[in-house]
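Asker: Handing you a structure now.
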Amino acid sequence: MAFSLYVHIPYCLSKCPYCDFNSYAAAVFPEQDYTRALIAELRRRAQEPPWAGERIATIFFGGGTPSLFAACSIGEVIEACENLFGIEAGAKITLEANPGTIDLRKLLGLRRAGVNRISFGAQSFKDETLKFLGRIHDAEQTRRSVATALDVGFEHLNVDLIFAVPGQTFDDLVRDIDEAAALNPDHISCYNLTFEEGTAFYAALKRGRIRPLGQRAESLMYALARKRLAEYGYAMYEISNYARPGGQCRHNLAYWRAQSFLGVGAGAHSYARRGPGGRRWWNERAPTTYIKRALNDGIAESGGESVDDRTAAGEFVFLNLRLNEGFARADFEHRFGRSFDGFFGAVPARLFADGLLMSEHGRVRLSERGLELADAVAAEFV
Ligand code: SF4
């Protein structure tokens with residue numbers, strides 16, 4: 001079966017204070033060596049099950065800031081994918097771009113290289129908020145970059161927004177959504193700012209230097225975002241993701257549907273399904289170690305584990321419940337050999353009775369209330 005490929009590019013011009021991704025601030029970075037390492041890893045994976053002989057359904061260049069790399073480096077990786085696996089016709093090939101690192105020339109080059117979807121890390125259209133978030137770009141650069149991407153023919157565009165930023169008002173969020181929609185992308189992501197351990201924001205929070213908006217304001221902002229985006233024709237299909245018809249991110253859908261995916265690059269995670277469960281593994285996080293190991297023998301794993309059926313079932317539910325459509329009871333039963341209600345004992349009945357889960361036309365999904373308490377519901381299964 002065709003699979004989804006994630007390619008991690010770990011370099012950024014500076015580290016945003018809220019970011020807990022495997023990303024490193026670097027003024028110069030070993031682009032050629034890193035590209036060669038990615039190709040070496042792909043070559044090795046192309047010889048092994050379950051990837052050998054399978055085609056690629058989607059490619060997602062994430063980071064970090066993949067738009068820092070030259071279009072020809074991205075093109076080399078895509079060409080290697082085509083030669084080693086084959087890429088399905090119509091595959092969506094996405095690249096994440098920081099609006100401060102992209103221009104007409106690069107966008108043209110990326111399109112020629114085969115990229116057909118750009119995901120812009122806009123985050124906000126208020127310069128004050130962008131500054132607070134440590135972003136290197138301003139709102140005008142985002143407007144220009146997205147407009148240029150449309151001009152050069154990218155039909156599929158995403159604009160990322162962040163809400164619940166300290167100091168942000170409801171009006172600010174409305175303006176951010178209005179501005180994002182005015183750019184006419186077919187996809188908008190709208191994430192709740194979180195304070196993850198190890199980030200500069202987390203340290204500032206602990207020292208009392210910044211104050212989160214609070215749970216009530218966050219839920220109200222989330223409700224406001226869903227309503228406003230729907231008014232512009234962006235339907236929520238995942239907890240933080242909204243699309244116009246045909247605009248859904250097929251790559252991320254593979255994660256949320258708990259399907260196999262291959263991740264290459266520093267710190268990238270992979271999951272190979274075998275039966276109901278399977279195996280997952282992750283690569284060396286440090287780019288220099290990753291490059292050395294991948295160039296040496298094509299493998300740069302730093303850890304892995306098998307996923308037993310119980311864990312896989314919990315993750316299947318947890319991930320699929322992120323989707324508006326939830327999951328089909330029949331799909332659960334087909335994969336795990338037992339009914340959803342039978343597998344988890346008293347838990348589903350309680351969640352249905354509490355109005356957090358709902359069952360409709362053979363599918364299970366979160367109710368409106370369940371959506372507000374999605375983390376707590378997920379915790380019941382994992
Ligand atoms: S640009 Fe993105 S990946 Fe890089 S530090 Fe900022 S949030 Fe993290």
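Labeling convention for the structure tokens: chains A, B, ... as they appear, residues from 1 per chain, ligands from 1 in order of appearance.
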Residues contacting ligand 1 - anything with an atom at most 8 Å away, using only C-alpha atoms and all ligand atoms - can you give me those as a list in words?

Answerer: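 Written in the requested form, the residues are Pro10, Tyr11, Cys12, Leu13, Ser14, Lys15, Cys16, Pro17, Tyr18, Cys19, Asp20, Phe21, Asn22, Ser23, Tyr24, Ala25, Gly63, Gly64, Thr65, Asn98, Gly121, Gly134 and Arg135 of chain A.
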
Asker: For stretch 67-72 of chain A, please output as number ranges by chain all residues within 7 Å (counting only C-alpha atoms; exclusion window: fewer than 5 positions along the same chain).

Answerer: A: 31, 96-98, 101-102, 106, 109-110, 113

Asker: Take the residues from that selection and put them in a file with C-alpha atoms, as a PDB file, in the first residue's frame.

Answerer:
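Okay, this is what ended up in selection_1.pdb:
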ATOM      1  CA  GLU A  31      22.679  21.741   3.423  1.00  0.00           C
ATOM      2  CA  GLU A  96       6.552  24.248   5.221  1.00  0.00           C
ATOM      3  CA  ALA A  97       7.708  27.794   4.644  1.00  0.00           C
ATOM      4  CA  ASN A  98       8.512  30.639   6.949  1.00  0.00           C
ATOM      5  CA  THR A 101      12.526  32.993   3.990  1.00  0.00           C
ATOM      6  CA  ILE A 102      10.740  32.723   0.673  1.00  0.00           C
ATOM      7  CA  LYS A 106      12.368  30.146  -4.579  1.00  0.00           C
ATOM      8  CA  GLY A 109      12.067  26.688  -8.109  1.00  0.00           C
ATOM      9  CA  LEU A 110      10.024  24.675  -5.615  1.00  0.00           C
ATOM     10  CA  ALA A 113      11.040  20.680  -8.225  1.00  0.00           C
TER      11      ALA A 113
END

Asker: Give me, as number ranges by chain, all polymer residues having an atom no more than 12 Å from A:Ile74, counting only C-alpha atoms and skipping those fewer than 3 positions away in the same chain.

Answerer: A: 7-9, 31-32, 34-36, 38-39, 59-62, 66-71, 77-81, 93-96, 106-107, 109-115

Asker: Would you write out those residues with N, CA and C atoms, as a CSV table (one decimal), in the first residue's frame?

Answerer:
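Wrote selection_23.csv, looks like this:
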chain,number,residue,atom,x,y,z
A,7,VAL,N,9.7,14.3,5.7
A,7,VAL,CA,11.1,14.7,5.6
A,7,VAL,C,11.4,15.8,6.5
A,8,HIS,N,12.3,15.6,7.5
A,8,HIS,CA,12.5,16.7,8.5
A,8,HIS,C,13.7,17.5,8.1
A,9,ILE,N,13.6,18.8,8.1
A,9,ILE,CA,14.7,19.7,7.9
A,9,ILE,C,14.8,20.5,9.2
A,31,GLU,N,23.8,22.1,4.3
A,31,GLU,CA,22.7,21.7,3.4
A,31,GLU,C,23.0,20.6,2.5
A,32,GLN,N,24.2,20.6,1.9
A,32,GLN,CA,24.5,19.5,1.0
A,32,GLN,C,24.7,18.2,1.7
A,34,TYR,N,23.4,17.3,4.5
A,34,TYR,CA,22.1,16.9,5.1
A,34,TYR,C,21.3,16.3,4.0
A,35,THR,N,21.3,16.9,2.8
A,35,THR,CA,20.5,16.4,1.7
A,35,THR,C,21.0,15.0,1.3
A,36,ARG,N,22.3,14.9,1.3
A,36,ARG,CA,22.9,13.6,0.9
A,36,ARG,C,22.5,12.5,2.0
A,38,LEU,N,19.8,12.5,3.8
A,38,LEU,CA,18.3,12.2,3.6
A,38,LEU,C,18.2,11.1,2.5
A,39,ILE,N,19.0,11.3,1.4
A,39,ILE,CA,18.9,10.4,0.3
A,39,ILE,C,19.5,9.0,0.6
A,59,ILE,N,4.2,13.5,0.3
A,59,ILE,CA,5.5,13.9,0.9
A,59,ILE,C,5.2,15.2,1.7
A,60,PHE,N,5.8,15.3,2.9
A,60,PHE,CA,5.7,16.5,3.7
A,60,PHE,C,7.1,16.9,4.2
A,61,PHE,N,7.6,18.0,3.7
A,61,PHE,CA,8.8,18.6,4.2
A,61,PHE,C,8.5,19.5,5.4
A,62,GLY,N,8.8,19.0,6.6
A,62,GLY,CA,8.5,19.8,7.8
A,62,GLY,C,9.8,20.2,8.5
A,66,PRO,N,12.0,24.2,6.3
A,66,PRO,CA,12.5,23.6,5.1
A,66,PRO,C,12.7,24.7,4.0
A,67,SER,N,12.0,25.8,4.1
A,67,SER,CA,12.1,26.8,3.0
A,67,SER,C,13.5,27.5,3.1
A,68,LEU,N,14.3,27.2,4.1
A,68,LEU,CA,15.7,27.7,4.1
A,68,LEU,C,16.5,26.9,3.0
A,69,PHE,N,16.2,25.7,2.7
A,69,PHE,CA,16.9,25.0,1.7
A,69,PHE,C,16.6,25.5,0.3
A,70,ALA,N,17.7,25.3,-0.5
A,70,ALA,CA,17.5,25.7,-1.9
A,70,ALA,C,16.5,24.8,-2.6
A,71,ALA,N,15.8,25.3,-3.6
A,71,ALA,CA,14.8,24.5,-4.3
A,71,ALA,C,15.5,23.3,-4.9
A,77,VAL,N,15.8,15.5,-3.4
A,77,VAL,CA,15.1,14.6,-2.5
A,77,VAL,C,13.9,14.0,-3.2
A,78,ILE,N,13.1,14.9,-3.8
A,78,ILE,CA,11.9,14.4,-4.5
A,78,ILE,C,12.3,13.5,-5.7
A,79,GLU,N,13.4,13.8,-6.4
A,79,GLU,CA,13.8,13.0,-7.5
A,79,GLU,C,14.2,11.6,-6.9
A,80,ALA,N,14.9,11.6,-5.8
A,80,ALA,CA,15.3,10.3,-5.2
A,80,ALA,C,14.1,9.5,-4.8
A,81,CYS,N,13.1,10.2,-4.3
A,81,CYS,CA,11.8,9.5,-3.9
A,81,CYS,C,11.2,8.8,-5.2
A,93,ILE,N,2.6,17.1,-2.4
A,93,ILE,CA,3.9,17.3,-1.9
A,93,ILE,C,4.0,18.7,-1.2
A,94,THR,N,4.0,18.7,0.1
A,94,THR,CA,3.9,19.9,0.9
A,94,THR,C,5.3,20.3,1.4
A,95,LEU,N,5.5,21.6,1.4
A,95,LEU,CA,6.7,22.1,2.1
A,95,LEU,C,6.3,23.3,3.0
A,96,GLU,N,6.8,23.2,4.3
A,96,GLU,CA,6.6,24.2,5.2
A,96,GLU,C,7.5,25.4,4.9
A,106,LYS,N,12.4,31.4,-5.3
A,106,LYS,CA,12.4,30.1,-4.6
A,106,LYS,C,11.0,29.4,-4.8
A,107,LEU,N,10.0,30.2,-4.8
A,107,LEU,CA,8.7,29.5,-5.1
A,107,LEU,C,8.6,28.9,-6.5
A,109,GLY,N,11.2,27.9,-8.2
A,109,GLY,CA,12.1,26.7,-8.1
A,109,GLY,C,11.4,25.5,-7.4
A,110,LEU,N,10.7,25.8,-6.3
A,110,LEU,CA,10.0,24.7,-5.6
A,110,LEU,C,8.9,24.0,-6.5
A,111,ARG,N,8.3,24.9,-7.2
A,111,ARG,CA,7.2,24.3,-8.1
A,111,ARG,C,7.8,23.5,-9.2
A,112,ARG,N,8.9,23.9,-9.7
A,112,ARG,CA,9.6,23.1,-10.7
A,112,ARG,C,10.1,21.8,-10.2
A,113,ALA,N,10.5,21.9,-8.9
A,113,ALA,CA,11.0,20.7,-8.2
A,113,ALA,C,9.9,19.7,-7.9
A,114,GLY,N,8.7,20.1,-8.0
A,114,GLY,CA,7.6,19.1,-7.8
A,114,GLY,C,6.8,19.4,-6.5
A,115,VAL,N,7.1,20.4,-5.8
A,115,VAL,CA,6.3,20.7,-4.6
A,115,VAL,C,5.0,21.3,-5.1

Asker: Leaving out A:Glu231 and any residue of its chain fewer than 2 positions from it, which residues lie within 12 Å of it when counting only C-alpha atoms, given as a PyMOL selection string?

Answerer: chain A and resi 174+177-178+181+224-229+233-236+242-244

Asker: Those residues with C-alpha atoms, as an mmCIF file, in the first residue's frame please?

Answerer:
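Wrote it out as selection28.cif, contents follow:
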data_model
loop_
_atom_site.group_PDB
_atom_site.id
_atom_site.type_symbol
_atom_site.label_atom_id
_atom_site.label_comp_id
_atom_site.auth_asym_id
_atom_site.auth_seq_id
_atom_site.Cartn_x
_atom_site.Cartn_y
_atom_site.Cartn_z
ATOM 1 C CA VAL A 174 -11.084 37.679 14.387
ATOM 2 C CA ILE A 177 -8.804 34.812 10.692
ATOM 3 C CA ASP A 178 -10.227 37.493 8.395
ATOM 4 C CA ALA A 181 -9.192 33.916 4.728
ATOM 5 C CA LEU A 224 -14.868 31.677 17.947
ATOM 6 C CA ALA A 225 -12.227 30.323 15.540
ATOM 7 C CA ARG A 226 -14.420 27.375 14.535
ATOM 8 C CA LYS A 227 -17.399 29.636 13.882
ATOM 9 C CA ARG A 228 -15.513 32.328 12.016
ATOM 10 C CA LEU A 229 -13.605 29.885 9.829
ATOM 11 C CA GLY A 233 -16.138 28.039 4.092
ATOM 12 C CA TYR A 234 -13.342 26.360 6.055
ATOM 13 C CA ALA A 235 -14.849 23.264 7.643
ATOM 14 C CA MET A 236 -13.129 21.885 10.698
ATOM 15 C CA TYR A 242 -9.898 23.552 8.619
ATOM 16 C CA ALA A 243 -10.270 23.165 4.873
ATOM 17 C CA ARG A 244 -12.333 24.097 1.898
#

Asker: Could you work out how far atom CA of A:Gly75 lies from atom CA of A:Ala149, giving the answer in Å with one decimal?

Answerer: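 Between these atoms lies a distance of 17.4 Å.
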
Asker: Determine the nearest neighbour of A:Arg338 from the options A:Ala379, A:Pro276, A:Met358, A:Gly265, counting only C-alpha atoms.

Answerer: A:Pro276

Asker: Fewer than 3 positions away in the same chain doesn't count, so skip those; otherwise give me all residues within 12 Å of A:Glu333, counting only C-alpha atoms, as JSON, numbers by chain.

Answerer: {"A": [276, 313, 316, 317, 327, 328, 329, 330, 336, 337, 338, 339, 340, 341, 342, 343, 362, 363]}

Asker: For stretch 186-195 of chain A, work out the shell of residues within 9 Å, counting only C-alpha atoms and skipping chain neighbours fewer than 4 positions away, then give it as a VMD selection string.

Answerer: chain A and resid 18 to 19 119 123 155 to 165 177 180 to 181 199 to 203 205 212 218 221 to 222 225 229 234 239 to 249

Asker: With C-alpha atoms retained, could you export that selection as an mmCIF file, in the first residue's frame?

Answerer:
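Listed below is the output, part.cif:
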data_model
loop_
_atom_site.group_PDB
_atom_site.id
_atom_site.type_symbol
_atom_site.label_atom_id
_atom_site.label_comp_id
_atom_site.auth_asym_id
_atom_site.auth_seq_id
_atom_site.Cartn_x
_atom_site.Cartn_y
_atom_site.Cartn_z
ATOM 1 C CA TYR A 18 7.262 28.565 22.186
ATOM 2 C CA CYS A 19 8.776 25.914 19.910
ATOM 3 C CA SER A 119 2.249 25.533 4.298
ATOM 4 C CA GLN A 123 0.865 32.543 13.102
ATOM 5 C CA GLU A 155 -3.313 25.642 -5.829
ATOM 6 C CA HIS A 156 -2.905 24.134 -2.397
ATOM 7 C CA LEU A 157 -1.856 26.463 0.382
ATOM 8 C CA ASN A 158 -2.072 26.340 4.134
ATOM 9 C CA VAL A 159 -1.829 29.261 6.519
ATOM 10 C CA ASP A 160 -0.965 28.432 10.156
ATOM 11 C CA LEU A 161 -2.410 30.615 12.907
ATOM 12 C CA ILE A 162 -1.861 30.528 16.670
ATOM 13 C CA PHE A 163 -4.459 31.666 19.186
ATOM 14 C CA ALA A 164 -4.536 32.223 22.954
ATOM 15 C CA VAL A 165 -1.306 34.189 22.822
ATOM 16 C CA ILE A 177 -8.804 34.812 10.692
ATOM 17 C CA ALA A 180 -5.900 34.587 6.550
ATOM 18 C CA ALA A 181 -9.192 33.916 4.728
ATOM 19 C CA THR A 199 10.851 26.057 25.806
ATOM 20 C CA ALA A 200 11.727 29.659 26.669
ATOM 21 C CA PHE A 201 8.010 30.399 27.174
ATOM 22 C CA TYR A 202 7.716 27.564 29.675
ATOM 23 C CA ALA A 203 10.630 28.998 31.692
ATOM 24 C CA LEU A 205 5.765 31.076 32.687
ATOM 25 C CA PRO A 212 -1.530 32.466 29.875
ATOM 26 C CA GLU A 218 -8.979 29.688 25.411
ATOM 27 C CA MET A 221 -11.391 31.640 21.399
ATOM 28 C CA TYR A 222 -11.474 28.088 20.073
ATOM 29 C CA ALA A 225 -12.227 30.323 15.540
ATOM 30 C CA LEU A 229 -13.605 29.885 9.829
ATOM 31 C CA TYR A 234 -13.342 26.360 6.055
ATOM 32 C CA ILE A 239 -9.294 19.568 16.117
ATOM 33 C CA SER A 240 -6.985 22.325 14.802
ATOM 34 C CA ASN A 241 -7.386 22.033 11.037
ATOM 35 C CA TYR A 242 -9.898 23.552 8.619
ATOM 36 C CA ALA A 243 -10.270 23.165 4.873
ATOM 37 C CA ARG A 244 -12.333 24.097 1.898
ATOM 38 C CA PRO A 245 -13.566 21.134 -0.187
ATOM 39 C CA GLY A 246 -10.564 19.168 -1.458
ATOM 40 C CA GLY A 247 -8.119 21.110 0.698
ATOM 41 C CA GLN A 248 -7.614 18.618 3.535
ATOM 42 C CA CYS A 249 -4.021 17.705 4.310
#

Asker: Looking only at alpha helix (DSSP H) from DSSP on the backbone, list the matching residues of stretch 71-153 of chain A as a PyMOL selection string.

Answerer: chain A and resi 71-84+104-113+127-132+139-151

Asker: Can you measure atom CA of A:Thr58 to atom CA of A:Arg310 for me? One decimal in Å is fine.

Answerer: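 Pair atom CA of A:Thr58 / atom CA of A:Arg310 returns 28.1 Å.
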
Asker: Counting only C-alpha atoms, figure out which residue out of A:Gly100, A:Pro50, A:Gly326, A:Gly153 gets nearest to A:Arg117.

Answerer: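 With only C-alpha atoms as the atom set, the closest residue is A:Gly153.
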
Asker: Quick one: pull the distance between atom CA of A:Val146 and atom CA of A:Glu82, Å, one decimal.

Answerer: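 Taking atom CA of A:Val146 and atom CA of A:Glu82, their separation equals 27.6 Å.
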